[in-house]
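The file model.cif comes next; it holds mmCIF, C-alpha atoms and all ligand atoms.
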```
data_input
loop_
_atom_site.label_atom_id
_atom_site.label_comp_id
_atom_site.auth_asym_id
_atom_site.auth_seq_id
_atom_site.Cartn_x
_atom_site.Cartn_y
_atom_site.Cartn_z
CA MET A 363 -121.01 -20.47 -117.15
CA ALA A 364 -119.50 -17.52 -115.34
CA GLU A 365 -117.67 -15.14 -117.66
CA THR A 366 -114.40 -16.18 -116.08
CA ALA A 367 -114.92 -19.96 -116.29
CA SER A 368 -112.69 -21.58 -118.86
CA LEU A 369 -114.07 -23.65 -121.68
CA PRO A 370 -112.60 -27.05 -122.69
CA SER A 371 -109.65 -26.64 -125.03
CA LEU A 372 -111.62 -28.28 -127.89
CA ILE A 373 -114.10 -25.40 -127.70
CA GLU A 374 -111.41 -22.76 -127.16
CA ASP A 375 -109.59 -24.06 -130.26
CA ALA A 376 -112.83 -23.92 -132.28
CA LEU A 377 -113.47 -20.34 -131.18
CA ALA A 378 -109.89 -19.33 -131.99
CA ALA A 379 -110.19 -20.90 -135.46
CA ARG A 380 -113.52 -19.13 -136.03
CA GLY A 381 -111.96 -15.80 -135.02
CA ALA A 382 -108.90 -16.38 -137.20
CA SER A 383 -111.09 -17.13 -140.22
CA GLY A 384 -112.75 -13.70 -139.92
CA ASP A 385 -115.76 -14.55 -137.74
CA ALA A 386 -114.73 -12.91 -134.48
CA ALA A 387 -118.36 -11.86 -133.90
CA GLY A 388 -119.54 -15.49 -134.15
CA ALA A 389 -116.84 -16.63 -131.73
CA GLU A 390 -117.86 -13.93 -129.25
CA ALA A 391 -121.55 -14.78 -129.63
CA ILE A 392 -120.82 -18.43 -128.85
CA ARG A 393 -118.69 -17.52 -125.83
CA ALA A 394 -121.44 -15.23 -124.52
CA GLY A 395 -123.99 -18.00 -125.11
CA TYR A 396 -122.04 -20.42 -122.93
CA ALA A 397 -122.06 -17.78 -120.20
CA GLU A 398 -125.86 -17.49 -120.43
CA ALA A 399 -126.52 -21.25 -120.64
CA ALA A 400 -126.50 -21.66 -116.85
CA ALA A 401 -129.84 -19.84 -116.72
CA ARG A 402 -131.41 -21.86 -119.55
CA PRO A 403 -135.17 -22.21 -118.99
CA VAL A 404 -136.96 -25.54 -118.94
CA THR A 405 -138.54 -26.25 -122.32
CA LEU A 406 -141.00 -28.91 -123.36
CA ARG A 407 -142.93 -30.26 -126.30
CA ALA A 408 -146.64 -30.98 -126.33
CA ASN A 409 -146.81 -34.61 -127.39
CA THR A 410 -149.73 -34.44 -129.78
CA LEU A 411 -150.01 -38.23 -129.87
CA VAL A 412 -151.55 -37.85 -126.40
CA ALA A 413 -152.52 -34.20 -125.82
CA THR A 414 -153.00 -31.08 -127.92
CA ALA A 415 -150.85 -27.99 -127.45
CA ALA A 416 -153.98 -26.19 -126.20
CA GLU A 417 -154.46 -28.87 -123.53
CA VAL A 418 -150.84 -28.52 -122.46
CA ALA A 419 -151.15 -24.72 -122.30
CA ASP A 420 -154.28 -25.13 -120.20
CA ALA A 421 -152.60 -27.60 -117.81
CA LEU A 422 -149.62 -25.28 -117.33
CA ALA A 423 -151.86 -22.28 -116.73
CA ARG A 424 -153.99 -24.18 -114.20
CA ALA A 425 -150.82 -25.22 -112.33
CA GLY A 426 -149.70 -21.58 -112.26
CA ILE A 427 -146.60 -22.32 -114.39
CA PRO A 428 -145.73 -19.31 -116.57
CA PHE A 429 -144.76 -20.10 -120.16
CA GLU A 430 -144.16 -18.69 -123.63
CA ARG A 431 -144.82 -20.36 -126.96
CA ALA A 432 -142.15 -20.61 -129.66
CA PRO A 433 -143.33 -18.77 -132.79
CA TRP A 434 -141.75 -21.38 -135.10
CA TYR A 435 -143.42 -24.46 -133.59
CA GLU A 436 -146.82 -24.49 -131.96
CA ASP A 437 -145.97 -27.51 -129.81
CA ALA A 438 -142.87 -25.90 -128.19
CA PHE A 439 -143.16 -24.27 -124.76
CA VAL A 440 -140.57 -22.22 -122.86
CA LEU A 441 -141.25 -22.13 -119.13
CA GLY A 442 -140.72 -19.06 -117.00
CA ASP A 443 -137.45 -18.20 -115.28
CA GLY A 444 -136.88 -20.30 -112.19
CA VAL A 445 -139.43 -23.03 -113.06
CA ARG A 446 -137.82 -26.41 -112.38
CA GLU A 447 -138.38 -29.70 -114.22
CA ARG A 448 -139.81 -31.05 -110.96
CA ALA A 449 -142.85 -28.78 -111.38
CA VAL A 450 -143.56 -30.47 -114.72
CA TRP A 451 -143.01 -34.01 -113.38
CA GLU A 452 -145.87 -33.43 -110.94
CA LEU A 453 -148.42 -32.60 -113.65
CA PRO A 454 -150.89 -35.37 -114.62
CA ILE A 455 -150.43 -34.37 -118.27
CA TYR A 456 -146.71 -35.18 -117.92
CA GLN A 457 -147.37 -38.47 -116.17
CA THR A 458 -149.73 -39.58 -118.93
CA GLY A 459 -147.28 -38.71 -121.73
CA GLY A 460 -148.87 -35.49 -122.97
CA VAL A 461 -145.63 -33.60 -122.43
CA TYR A 462 -141.98 -34.39 -123.22
CA LEU A 463 -139.15 -32.35 -121.73
CA GLN A 464 -136.98 -31.48 -124.71
CA SER A 465 -134.53 -28.72 -125.56
CA LEU A 466 -135.60 -26.25 -128.23
CA SER A 467 -132.61 -27.06 -130.42
CA SER A 468 -133.37 -30.77 -130.36
CA MET A 469 -136.87 -30.09 -131.70
CA LEU A 470 -135.39 -28.72 -134.93
CA PRO A 471 -134.20 -31.87 -136.80
CA PRO A 472 -137.63 -33.56 -136.92
CA LEU A 473 -139.19 -30.27 -138.08
CA VAL A 474 -136.67 -30.03 -140.90
CA LEU A 475 -137.08 -33.69 -141.90
CA ALA A 476 -140.89 -33.39 -141.69
CA PRO A 477 -141.80 -37.11 -141.74
CA ARG A 478 -144.71 -37.84 -144.05
CA PRO A 479 -147.63 -40.14 -143.29
CA GLY A 480 -146.98 -43.44 -145.04
CA ALA A 481 -143.24 -42.85 -145.48
CA ASP A 482 -140.57 -45.34 -144.37
CA VAL A 483 -138.63 -43.30 -141.81
CA LEU A 484 -135.42 -44.28 -140.02
CA ASP A 485 -134.22 -42.74 -136.76
CA MET A 486 -130.69 -44.08 -136.80
CA CYS A 487 -129.54 -43.14 -133.29
CA ALA A 488 -132.77 -42.92 -131.40
CA ALA A 489 -132.53 -43.25 -127.60
CA PRO A 490 -133.99 -41.87 -125.42
CA GLY A 491 -136.56 -41.22 -128.15
CA GLY A 492 -137.43 -37.53 -127.99
CA LYS A 493 -137.04 -37.10 -131.72
CA THR A 494 -138.56 -40.50 -132.58
CA SER A 495 -141.74 -39.58 -130.73
CA GLN A 496 -141.73 -36.09 -132.24
CA MET A 497 -141.45 -37.61 -135.72
CA ALA A 498 -144.32 -40.00 -134.94
CA ALA A 499 -146.40 -37.02 -133.82
CA LEU A 500 -145.48 -34.89 -136.86
CA ALA A 501 -146.67 -37.69 -139.15
CA GLY A 502 -149.88 -38.04 -137.14
CA GLY A 503 -148.79 -41.50 -136.03
CA ARG A 504 -148.94 -42.67 -139.66
CA ALA A 505 -145.24 -42.96 -140.63
CA HIS A 506 -143.56 -46.37 -140.71
CA LEU A 507 -140.83 -45.65 -138.18
CA THR A 508 -137.74 -47.70 -137.45
CA ALA A 509 -135.66 -46.60 -134.45
CA CYS A 510 -132.12 -47.97 -133.98
CA GLU A 511 -130.09 -47.86 -130.79
CA LEU A 512 -126.74 -49.47 -130.07
CA HIS A 513 -126.72 -49.64 -126.28
CA ALA A 514 -129.11 -52.08 -124.58
CA PRO A 515 -130.04 -49.97 -121.51
CA ARG A 516 -130.69 -46.99 -123.75
CA ALA A 517 -132.78 -49.15 -126.11
CA GLU A 518 -134.90 -50.15 -123.08
CA LYS A 519 -135.36 -46.49 -122.16
CA LEU A 520 -136.33 -45.81 -125.78
CA ALA A 521 -138.99 -48.55 -125.69
CA TYR A 522 -140.31 -47.26 -122.35
CA ASN A 523 -140.54 -43.66 -123.60
CA LEU A 524 -142.21 -44.59 -126.90
CA GLU A 525 -144.81 -46.63 -125.05
CA LYS A 526 -145.46 -43.83 -122.55
CA LEU A 527 -145.69 -41.23 -125.34
CA GLY A 528 -148.13 -43.31 -127.37
CA ALA A 529 -145.73 -43.77 -130.32
CA ARG A 530 -146.90 -47.22 -131.33
CA ASN A 531 -145.94 -49.16 -134.44
CA VAL A 532 -142.28 -48.13 -134.11
CA ASN A 533 -139.91 -50.92 -135.04
CA ILE A 534 -137.17 -50.68 -132.39
CA MET A 535 -133.89 -52.34 -133.38
CA ARG A 536 -131.05 -52.87 -130.92
CA VAL A 537 -128.28 -52.68 -133.51
CA ASP A 538 -125.11 -50.90 -134.47
CA ALA A 539 -126.59 -48.67 -137.16
CA ARG A 540 -123.18 -48.50 -138.88
CA ARG A 541 -123.89 -52.10 -139.88
CA LEU A 542 -127.57 -51.76 -140.65
CA ASP A 543 -128.40 -54.35 -143.31
CA GLU A 544 -128.37 -52.82 -146.78
CA PHE A 545 -131.50 -54.82 -147.44
CA PHE A 546 -133.37 -51.97 -145.67
CA SER A 547 -134.26 -48.73 -147.45
CA PHE A 548 -135.94 -45.54 -146.26
CA ASP A 549 -137.64 -42.47 -147.71
CA GLN A 550 -136.55 -40.21 -144.85
CA ILE A 551 -133.69 -40.62 -142.38
CA LEU A 552 -132.75 -38.74 -139.24
CA LEU A 553 -129.13 -39.22 -138.21
CA ASP A 554 -128.91 -37.48 -134.83
CA ALA A 555 -125.35 -38.59 -134.39
CA PRO A 556 -123.44 -39.42 -131.23
CA CYS A 557 -121.17 -36.42 -130.67
CA THR A 558 -118.96 -34.60 -128.18
CA GLY A 559 -121.95 -32.56 -126.96
CA THR A 560 -119.99 -29.30 -127.01
CA GLY A 561 -123.21 -27.41 -127.76
CA THR A 562 -124.86 -28.54 -124.53
CA LEU A 563 -122.16 -27.54 -122.06
CA ARG A 564 -123.43 -25.74 -118.95
CA ALA A 565 -121.70 -23.96 -116.11
CA GLY A 566 -120.31 -26.22 -113.48
CA ASP A 567 -120.68 -29.45 -115.45
CA GLU A 568 -117.06 -30.41 -114.98
CA ARG A 569 -117.70 -34.06 -115.84
CA ALA A 570 -119.08 -33.13 -119.25
CA ALA A 571 -116.23 -30.69 -119.83
CA LYS A 572 -113.65 -33.35 -118.95
CA ARG A 573 -115.14 -35.78 -121.49
CA MET A 574 -114.52 -33.30 -124.31
CA THR A 575 -111.04 -34.50 -125.21
CA PRO A 576 -109.30 -34.90 -128.58
CA ALA A 577 -109.47 -38.70 -128.11
CA PHE A 578 -113.25 -38.56 -127.64
CA LEU A 579 -113.56 -36.26 -130.66
CA ALA A 580 -111.55 -38.73 -132.77
CA LYS A 581 -113.80 -41.60 -131.62
CA VAL A 582 -117.09 -39.85 -132.36
CA THR A 583 -115.95 -38.48 -135.72
CA ARG A 584 -115.03 -42.03 -136.86
CA SER A 585 -118.48 -43.16 -135.84
CA GLN A 586 -120.21 -40.18 -137.49
CA ARG A 587 -118.43 -40.91 -140.76
CA ALA A 588 -119.48 -44.56 -140.74
CA LEU A 589 -123.06 -43.69 -139.76
CA LEU A 590 -123.31 -41.10 -142.53
CA ASP A 591 -122.03 -43.63 -145.07
CA ARG A 592 -124.59 -46.21 -144.02
CA ALA A 593 -127.39 -43.63 -143.90
CA LEU A 594 -126.70 -42.42 -147.43
CA THR A 595 -126.52 -46.04 -148.60
CA VAL A 596 -129.91 -47.08 -147.19
CA LEU A 597 -131.56 -43.80 -148.28
CA LYS A 598 -133.91 -44.44 -151.22
CA PRO A 599 -133.36 -42.53 -154.47
CA GLY A 600 -135.24 -39.24 -154.08
CA GLY A 601 -135.14 -39.62 -150.28
CA THR A 602 -133.99 -37.06 -147.72
CA LEU A 603 -131.63 -37.22 -144.76
CA VAL A 604 -131.22 -34.80 -141.88
CA TYR A 605 -127.87 -34.94 -140.10
CA SER A 606 -127.66 -33.29 -136.69
CA THR A 607 -125.33 -33.02 -133.71
CA CYS A 608 -125.45 -31.11 -130.44
CA SER A 609 -121.94 -29.89 -131.13
CA ILE A 610 -120.48 -26.70 -132.53
CA LEU A 611 -117.25 -28.30 -133.75
CA GLN A 612 -116.63 -28.19 -137.49
CA GLN A 613 -114.95 -31.59 -137.38
CA GLU A 614 -118.29 -33.16 -136.40
CA ASN A 615 -120.44 -30.93 -138.56
CA GLU A 616 -119.48 -29.18 -141.77
CA GLU A 617 -116.40 -31.36 -142.34
CA GLN A 618 -118.42 -34.57 -141.93
CA VAL A 619 -121.16 -33.49 -144.31
CA ARG A 620 -118.76 -32.03 -146.89
CA ALA A 621 -116.71 -35.25 -146.94
CA ALA A 622 -119.82 -37.46 -147.09
CA LEU A 623 -121.12 -35.54 -150.11
CA LYS A 624 -117.78 -36.15 -151.83
CA ARG A 625 -118.04 -39.89 -151.16
CA HIS A 626 -121.72 -40.04 -152.23
CA ARG A 627 -121.86 -38.12 -155.49
CA ASP A 628 -125.57 -38.88 -155.93
CA CYS A 629 -126.37 -36.76 -152.86
CA THR A 630 -126.65 -32.96 -152.59
CA LEU A 631 -127.46 -30.44 -149.89
CA ILE A 632 -130.97 -29.10 -149.49
CA PRO A 633 -130.16 -25.49 -148.55
CA LEU A 634 -131.64 -24.31 -145.25
CA THR A 635 -130.43 -20.75 -145.75
CA ASP A 636 -130.50 -18.39 -148.69
CA ARG A 637 -133.66 -20.09 -149.94
CA THR A 638 -134.42 -17.33 -152.42
CA ALA A 639 -131.39 -18.31 -154.43
CA ALA A 640 -132.31 -21.96 -153.97
CA ASP A 641 -135.83 -21.38 -155.22
CA GLU A 642 -134.42 -19.94 -158.42
CA ASP A 643 -132.46 -23.11 -158.91
CA ASP A 644 -134.44 -25.57 -161.01
CA GLY A 645 -133.83 -28.54 -158.73
CA ALA A 646 -134.97 -26.93 -155.48
CA ALA A 647 -138.38 -28.09 -154.32
CA PRO A 648 -140.21 -26.01 -151.72
CA LEU A 649 -139.47 -27.03 -148.14
CA PRO A 650 -142.21 -28.73 -146.09
CA PRO A 651 -144.07 -26.17 -143.92
CA THR A 652 -142.42 -27.20 -140.61
CA ALA A 653 -138.96 -26.86 -142.20
CA GLN A 654 -139.86 -23.53 -143.80
CA ALA A 655 -140.95 -22.27 -140.36
CA VAL A 656 -137.47 -23.12 -139.03
CA VAL A 657 -135.80 -21.36 -141.97
CA ASP A 658 -138.01 -18.29 -141.47
CA ALA A 659 -137.16 -18.20 -137.75
CA VAL A 660 -133.45 -18.42 -138.55
CA GLU A 661 -133.80 -15.52 -140.98
CA ALA A 662 -135.76 -13.53 -138.38
CA GLY A 663 -133.05 -14.26 -135.76
CA THR A 664 -135.56 -16.02 -133.49
CA ILE A 665 -133.44 -19.14 -133.85
CA PRO A 666 -129.87 -17.89 -133.23
CA THR A 667 -127.21 -19.03 -135.70
CA VAL A 668 -123.58 -18.23 -136.43
CA PRO A 669 -121.91 -18.49 -139.85
CA THR A 670 -121.24 -21.97 -141.21
CA THR A 671 -118.39 -23.00 -143.47
CA LEU A 672 -120.82 -25.16 -145.48
CA PRO A 673 -123.43 -22.75 -146.85
CA GLY A 674 -126.97 -24.04 -146.61
CA THR A 675 -126.39 -25.83 -143.31
CA LEU A 676 -127.18 -24.37 -139.88
CA VAL A 677 -124.96 -23.83 -136.85
CA VAL A 678 -127.32 -22.94 -134.00
CA ALA A 679 -125.43 -20.83 -131.46
CA PRO A 680 -125.64 -21.67 -127.77
CA THR A 681 -127.68 -18.97 -126.02
CA GLN A 682 -129.74 -18.79 -122.87
CA ARG A 683 -132.62 -20.58 -124.65
CA PHE A 684 -130.86 -22.71 -127.25
CA GLU A 685 -128.22 -25.39 -127.08
CA GLY A 686 -125.46 -25.24 -129.67
CA PHE A 687 -126.55 -27.51 -132.51
CA TYR A 688 -125.87 -28.38 -136.14
CA LEU A 689 -128.27 -29.32 -138.93
CA ALA A 690 -127.78 -30.32 -142.54
CA ALA A 691 -130.37 -31.68 -144.96
CA VAL A 692 -129.37 -33.89 -147.89
CA ARG A 693 -131.30 -35.26 -150.86
CA LYS A 694 -130.39 -38.33 -152.91
CA ALA A 695 -130.92 -38.08 -156.65
CA ARG A 696 -133.77 -40.10 -158.16
C1 LIG B 701 -127.41 -37.88 -129.66
S1 LIG B 701 -128.02 -39.35 -128.96
C2 LIG B 701 -129.60 -39.48 -129.71
C3 LIG B 701 -130.70 -38.70 -129.07
C4 LIG B 701 -132.04 -39.04 -129.66
N1 LIG B 701 -132.06 -38.83 -131.09
C5 LIG B 701 -133.17 -38.24 -129.05
O1 LIG B 701 -133.58 -37.25 -129.62
O2 LIG B 701 -133.66 -38.63 -127.98
C6 LIG B 701 -127.12 -40.55 -129.85
C7 LIG B 701 -127.58 -41.97 -129.55
O3 LIG B 701 -126.94 -42.83 -130.50
C8 LIG B 701 -126.60 -44.02 -129.88
N2 LIG B 701 -125.55 -44.63 -130.73
C9 LIG B 701 -124.23 -44.37 -130.73
N3 LIG B 701 -123.62 -45.08 -131.69
C10 LIG B 701 -124.59 -45.78 -132.32
C11 LIG B 701 -124.58 -46.71 -133.39
N4 LIG B 701 -123.44 -47.04 -134.01
N5 LIG B 701 -125.75 -47.26 -133.78
C12 LIG B 701 -126.91 -46.94 -133.16
N6 LIG B 701 -126.97 -46.08 -132.13
C13 LIG B 701 -125.83 -45.50 -131.72
C14 LIG B 701 -126.15 -43.59 -128.50
O4 LIG B 701 -126.19 -44.66 -127.58
C15 LIG B 701 -127.18 -42.50 -128.19
O5 LIG B 701 -128.30 -43.06 -127.55
#
```
As structure tokens - that is how I would like this structure written.
Amino acid sequence: MAETASLPSLIEDALAARGASGDAAGAEAIRAGYAEAAARPVTLRANTLVATAAEVADALARAGIPFERAPWYEDAFVLGDGVRERAVWELPIYQTGGVYLQSLSSMLPPLVLAPRPGADVLDMCAAPGGKTSQMAALAGGRAHLTACELHAPRAEKLAYNLEKLGARNVNIMRVDARRLDEFFSFDQILLDAPCTGTGTLRAGDERAAKRMTPAFLAKVTRSQRALLDRALTVLKPGGTLVYSTCSILQQENEEQVRAALKRHRDCTLIPLTDRTAADEDDGAAPLPPTAQAVVDAVEAGTIPTVPTTLPGTLVVAPTQRFEGFYLAAVRKAR
């Protein structure tokens, strides 16, 4: 976005509120990030259900496509400036499902949830399936995955992608996850909620900017609340939930999680920042290695964040490489 381009008023209001609450630096960082987003590089994930990261690196090198690896996730690749998605579409390793085009930020929730082999795992809002397939890969294809999607055409795309990516044994349900039968229960849940998408805004995308209205925000926040309630209901005692959005608005993020924790007193945050303090706390178990790698990268500044009003949760700042994103992890008492 050119420095002079205006942001939707929802985002401007959020930046003004951030500045007024004493985080002028965060507001400026976010504004600068939107300006850089136009030059965001193509990023992809090696889909280890089909190909190893080494095979993907080899295929890119042989095609003369420059790339970098993300230090916090060996399967994440950042392609060189000016490389288009089209160059990836032409690679046999893409056509056979060894590669999935995915933003860096959207790789974070599955890493934080870290699905375990043998666990009952729910992806509540799953299409087009990037995170479902990543979770299948992280569990070595051995998690019992259920993937819900409300909209029929998107559920078809989800089924197509999971087949192509070799994520078999996923139970795809075309349902409104707000009404998921309470008969179900899960050890681990990803709620990658429908949202305004304010974190993903890019220069010149006037259609996306126009959608970001107060009425749309009101609609998605109602849905997020209901989805969170159902998720925390079908979460097994001792289970974990990761809530994520590709938005930077507090109404969709910190406020949703804070309110949900008030309604579900048996649930508490798993802190993703300030882990030293958390480790001293009796109840805090060590994070799984993929989640710890995310936390370490946040602390190192490799994953860019701005202050959150709900300590322990992460607001990923939009930058040239990253979309604006939000992540919170919750545990239900045993
Ligand atoms: C942010 S997108 C999910 C992206 C997906 N997790 C991925 O990584 O590919 C949210 C999805 O939730 C779906 N959705 C919205 N409301 C839903 C509901 N009540 N139940 C199930 N799915 C819903 C939308 O159609 C959309 O496909």
May I have the residues within 8 Å of A:Ala659 as a PyMOL selection string, using only C-alpha atoms and disregarding those fewer than 5 positions away in the same chain? chain A and resi 433-434+664-665
Give me, as a tab-separated table, each residue of chain A that comes within 6 Å of ligand LIG 701 (chain B), together with its shortest interatomic pair and the distance in Å at one decimal, counting all atoms listed in the file, with rows ordered by chain and rising residue number.
```
residue	atom	partner	partner_atom	distance
A:Met486	CA	B:LIG701	C12	6.0
A:Cys487	CA	B:LIG701	O3	3.8
A:Ala488	CA	B:LIG701	N1	4.2
A:Ala489	CA	B:LIG701	O5	4.2
A:Pro490	CA	B:LIG701	O2	4.1
A:Gly491	CA	B:LIG701	O2	3.9
A:Gly492	CA	B:LIG701	O2	3.9
A:Lys493	CA	B:LIG701	O1	4.1
A:Cys510	CA	B:LIG701	C12	5.4
A:Glu511	CA	B:LIG701	N6	3.8
A:Leu512	CA	B:LIG701	N6	4.0
A:His513	CA	B:LIG701	O4	5.2
A:Arg516	CA	B:LIG701	O5	6.0
A:Val537	CA	B:LIG701	C12	5.9
A:Asp538	CA	B:LIG701	N5	3.8
A:Ala539	CA	B:LIG701	N5	3.8
A:Arg540	CA	B:LIG701	N4	5.1
A:Asp554	CA	B:LIG701	N1	5.1
A:Ala555	CA	B:LIG701	C1	5.2
A:Pro556	CA	B:LIG701	C6	4.1
```
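The space separating atom CA of A:Tyr396 from atom CA of A:Arg446 comes to 19.9 Å.
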Of the candidates A:Leu676, A:Val660, A:Ala416, A:Ala481, which shows the shortest atom-to-atom distance to A:Ala505, using only C-alpha atoms?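 Counting only C-alpha atoms, the residue closest to A:Ala505 is A:Ala481.
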In Å, with one decimal, what is the gap from atom CA of A:Gly459 to atom CA of A:Val532?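 Atom-to-atom, atom CA of A:Gly459 and atom CA of A:Val532 are spaced 16.3 Å apart.
A cut-off of 12 Å from the point (-137.4, -28.5, -113.2), with only C-alpha atoms, picks out the residues Arg402, Pro403, Val404, Thr405, Leu406, Ile427, Val440, Leu441, Gly442, Asp443, Gly444, Val445, Arg446, Glu447, Arg448, Ala449, Val450, Trp451, Glu452, Leu453, Leu463 and Gln464 of chain A.
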